[in-house]
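Chemist: One structure, as structure tokens, below. Some questions next.
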Amino acid sequence: MRIRHTVSFRLRHAAGSPEEQSFLGAAGELAAIPGVEQFELLRQVGTKNEFDYGISMEFADQAAYDGYNEHPAHVAFVQGRWLPEVEDFLELDYTEL
């Protein structure tokens, strides 16, 4: 069963800053991890929450999702960029009904 992995987040960096651009560029590299499909890096335009960005991607099945979570590039991104640079986030994983 396909899994859609989404995360909405707010960075510690100012909008338009070089730090913001560096983080978003690094986040975009997650698309190259095997198993990642339909990768999108998004900017929030609504006013109903306090998040500024989103990432959405799909996986063919649980094995592909698990492979992504355990992939060294993902682990390094989370430890080196996500944890120190993301102020707040909401993660949602979906399967189709």
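Residue names in the structure tokens use chain letters A, B, ... in the order shown, residue numbers from 1 in each chain, and ligand numbers from 1 in the order shown.
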Going by DSSP on the backbone, which residues of chain A come out as strand (DSSP E)? List them as a compact mmCIF listing (two decimals) with N, CA and C atoms, in the first residue's frame.
Modeler:
# COMPACT_ATOMS: atom_id res chain seq x y z
N ILE A 3 2.35 4.96 0.57
CA ILE A 3 2.40 5.84 1.73
C ILE A 3 2.75 7.24 1.23
N ARG A 4 1.99 8.22 1.66
CA ARG A 4 2.32 9.63 1.40
C ARG A 4 2.84 10.21 2.70
N HIS A 5 4.08 10.63 2.69
CA HIS A 5 4.76 11.19 3.85
C HIS A 5 4.79 12.71 3.68
N THR A 6 4.25 13.43 4.65
CA THR A 6 4.23 14.89 4.59
C THR A 6 4.74 15.46 5.90
N VAL A 7 5.36 16.62 5.79
CA VAL A 7 5.79 17.34 6.99
C VAL A 7 5.65 18.83 6.70
N SER A 8 5.04 19.54 7.64
CA SER A 8 4.96 21.00 7.61
C SER A 8 5.91 21.50 8.68
N PHE A 9 6.61 22.60 8.39
CA PHE A 9 7.62 23.03 9.35
C PHE A 9 7.91 24.52 9.27
N ARG A 10 8.56 24.99 10.32
CA ARG A 10 9.01 26.37 10.43
C ARG A 10 10.50 26.33 10.78
N LEU A 11 11.28 27.12 10.07
CA LEU A 11 12.72 27.16 10.31
C LEU A 11 13.09 28.21 11.35
N GLU A 37 9.32 8.97 -4.26
CA GLU A 37 8.57 9.31 -5.48
C GLU A 37 7.76 10.57 -5.21
N GLN A 38 7.44 11.28 -6.25
CA GLN A 38 6.55 12.45 -6.18
C GLN A 38 7.01 13.46 -5.12
N PHE A 39 8.32 13.71 -5.06
CA PHE A 39 8.87 14.64 -4.06
C PHE A 39 8.47 16.07 -4.39
N GLU A 40 8.01 16.79 -3.37
CA GLU A 40 7.70 18.21 -3.53
C GLU A 40 8.19 18.97 -2.31
N LEU A 41 8.85 20.09 -2.56
CA LEU A 41 9.25 21.02 -1.52
C LEU A 41 8.34 22.23 -1.69
N LEU A 42 7.60 22.59 -0.65
CA LEU A 42 6.48 23.52 -0.77
C LEU A 42 6.60 24.72 0.16
N ARG A 43 6.01 25.84 -0.26
CA ARG A 43 5.91 27.02 0.60
C ARG A 43 4.45 27.19 1.00
N TYR A 53 6.71 26.02 5.48
CA TYR A 53 7.15 25.14 4.41
C TYR A 53 6.52 23.77 4.55
N GLY A 54 6.59 23.03 3.48
CA GLY A 54 6.14 21.64 3.53
C GLY A 54 7.00 20.79 2.63
N ILE A 55 7.07 19.53 2.97
CA ILE A 55 7.70 18.52 2.12
C ILE A 55 6.68 17.39 1.98
N SER A 56 6.51 16.93 0.77
CA SER A 56 5.61 15.81 0.51
C SER A 56 6.33 14.83 -0.40
N MET A 57 6.17 13.55 -0.12
CA MET A 57 6.75 12.51 -0.97
C MET A 57 5.92 11.26 -0.81
N GLU A 58 6.08 10.35 -1.76
CA GLU A 58 5.34 9.09 -1.71
C GLU A 58 6.30 7.92 -1.79
N PHE A 59 5.83 6.80 -1.26
CA PHE A 59 6.57 5.55 -1.27
C PHE A 59 5.64 4.44 -1.74
N VAL A 86 15.23 23.33 12.43
CA VAL A 86 13.77 23.39 12.38
C VAL A 86 13.23 23.76 13.75
N GLU A 87 12.44 24.81 13.78
CA GLU A 87 11.88 25.30 15.04
C GLU A 87 10.69 24.48 15.50
N ASP A 88 9.80 24.11 14.57
CA ASP A 88 8.61 23.34 14.90
C ASP A 88 8.14 22.63 13.64
N PHE A 89 7.44 21.49 13.83
CA PHE A 89 6.97 20.75 12.66
C PHE A 89 5.79 19.86 13.03
N LEU A 90 5.10 19.42 12.00
CA LEU A 90 4.02 18.45 12.11
C LEU A 90 4.22 17.44 10.98
N GLU A 91 4.33 16.18 11.35
CA GLU A 91 4.54 15.12 10.38
C GLU A 91 3.30 14.27 10.28
N LEU A 92 2.87 13.98 9.04
CA LEU A 92 1.71 13.14 8.80
C LEU A 92 2.05 12.13 7.71
N ASP A 93 1.67 10.88 7.95
CA ASP A 93 1.86 9.82 6.97
C ASP A 93 0.50 9.22 6.66
N TYR A 94 0.19 9.11 5.38
CA TYR A 94 -1.13 8.67 4.95
C TYR A 94 -1.05 7.45 4.05
Chemist: Tell me, which residues of segment 2-84 of chain A carry DSSP helix (DSSP H, G or I), written as a ChimeraX atom specification?
Modeler: /A:18-32,62-70,72-84
Chemist: Pick from A:Pro84, A:Ala76, A:Glu96, A:Ala14: nearest to Leu30 of chain A, with only C-alpha atoms counted?
Modeler: A:Ala76
Chemist: Might you pull out every residue within 12 Å of Glu20 of chain A, with only C-alpha atoms counted and same-chain residues fewer than 2 positions away left off, and present them as a list of chain:residue names?
Modeler: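 Here the qualifying residues turn out to be A:Arg10, A:Leu11, A:Arg12, A:His13, A:Ala14, A:Ala15, A:Gly16, A:Ser17, A:Pro18, A:Ser22, A:Phe23, A:Leu24, A:Gly25, A:Ala26, A:Ala27, A:Asp52, A:Tyr53, A:Arg81, A:Trp82, A:Glu85, A:Val86.
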Chemist: Can you write just those residues out, N, CA and C atoms, as a short mmCIF file (atom, residue, chain, number, x, y, z; two decimals), in the first residue's frame?
Modeler:
data_model
loop_
_atom_site.label_atom_id
_atom_site.label_comp_id
_atom_site.auth_asym_id
_atom_site.auth_seq_id
_atom_site.Cartn_x
_atom_site.Cartn_y
_atom_site.Cartn_z
N ARG A 10 8.56 24.99 10.32
CA ARG A 10 9.01 26.37 10.43
C ARG A 10 10.50 26.33 10.78
N LEU A 11 11.28 27.12 10.07
CA LEU A 11 12.72 27.16 10.31
C LEU A 11 13.09 28.21 11.35
N ARG A 12 14.27 28.06 11.92
CA ARG A 12 14.82 29.06 12.84
C ARG A 12 15.41 30.23 12.06
N HIS A 13 15.55 30.10 10.74
CA HIS A 13 16.18 31.11 9.90
C HIS A 13 15.16 32.11 9.36
N ALA A 14 15.62 33.31 9.08
CA ALA A 14 14.77 34.34 8.49
C ALA A 14 14.46 33.99 7.05
N ALA A 15 13.24 34.36 6.64
CA ALA A 15 12.83 34.16 5.25
C ALA A 15 13.78 34.92 4.33
N GLY A 16 14.20 34.25 3.27
CA GLY A 16 15.07 34.88 2.29
C GLY A 16 16.55 34.87 2.66
N SER A 17 16.88 34.35 3.82
CA SER A 17 18.28 34.36 4.27
C SER A 17 19.08 33.27 3.55
N PRO A 18 20.40 33.43 3.51
CA PRO A 18 21.23 32.37 2.94
C PRO A 18 21.07 31.05 3.69
N SER A 22 20.07 27.51 2.05
CA SER A 22 20.94 26.35 2.23
C SER A 22 20.15 25.16 2.77
N PHE A 23 19.30 25.40 3.74
CA PHE A 23 18.49 24.32 4.30
C PHE A 23 17.56 23.74 3.24
N LEU A 24 16.86 24.61 2.52
CA LEU A 24 15.91 24.13 1.51
C LEU A 24 16.63 23.37 0.40
N GLY A 25 17.81 23.81 0.04
CA GLY A 25 18.60 23.06 -0.95
C GLY A 25 18.96 21.68 -0.46
N ALA A 26 19.37 21.61 0.81
CA ALA A 26 19.71 20.31 1.40
C ALA A 26 18.47 19.42 1.49
N ALA A 27 17.33 20.00 1.83
CA ALA A 27 16.09 19.23 1.91
C ALA A 27 15.72 18.66 0.54
N ASP A 52 5.69 27.43 7.66
CA ASP A 52 6.08 28.18 6.46
C ASP A 52 6.36 27.30 5.25
N TYR A 53 6.71 26.02 5.48
CA TYR A 53 7.15 25.14 4.41
C TYR A 53 6.52 23.77 4.55
N ARG A 81 20.91 18.75 9.97
CA ARG A 81 20.18 19.94 9.52
C ARG A 81 18.84 20.10 10.22
N TRP A 82 18.01 19.02 10.17
CA TRP A 82 16.64 19.13 10.68
C TRP A 82 16.60 19.50 12.16
N GLU A 85 17.97 23.08 12.93
CA GLU A 85 17.49 24.22 12.16
C GLU A 85 15.97 24.37 12.09
N VAL A 86 15.23 23.33 12.43
CA VAL A 86 13.77 23.39 12.38
C VAL A 86 13.23 23.76 13.75
#
Chemist: Between atom CA of Met1 of chain A and atom CA of Asp61 of chain A, measure the distance and give it in Å to one decimal.
Modeler: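 Rounded to one decimal, the two atoms are 5.1 Å apart.
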Chemist: In Å to one decimal, how far is atom CA of Asp66 of chain A from atom CA of Ala32 of chain A?
Modeler: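 It comes out at 15.3 Å.
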Chemist: Interatomic distance between atom CA of Ala73 of chain A and atom CA of Gly35 of chain A?
Modeler: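 Atom-to-atom, atom CA of Ala73 of chain A to atom CA of Gly35 of chain A, that is 12.8 Å.
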Chemist: Given only C-alpha atoms as the basis, pick out the residue of A:Leu97, A:Ala31, A:Val36, A:Val75 nearest to Ala60 of chain A.
Modeler: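 When distances to Ala60 of chain A are compared using only C-alpha atoms, the smallest one comes from A:Val36.
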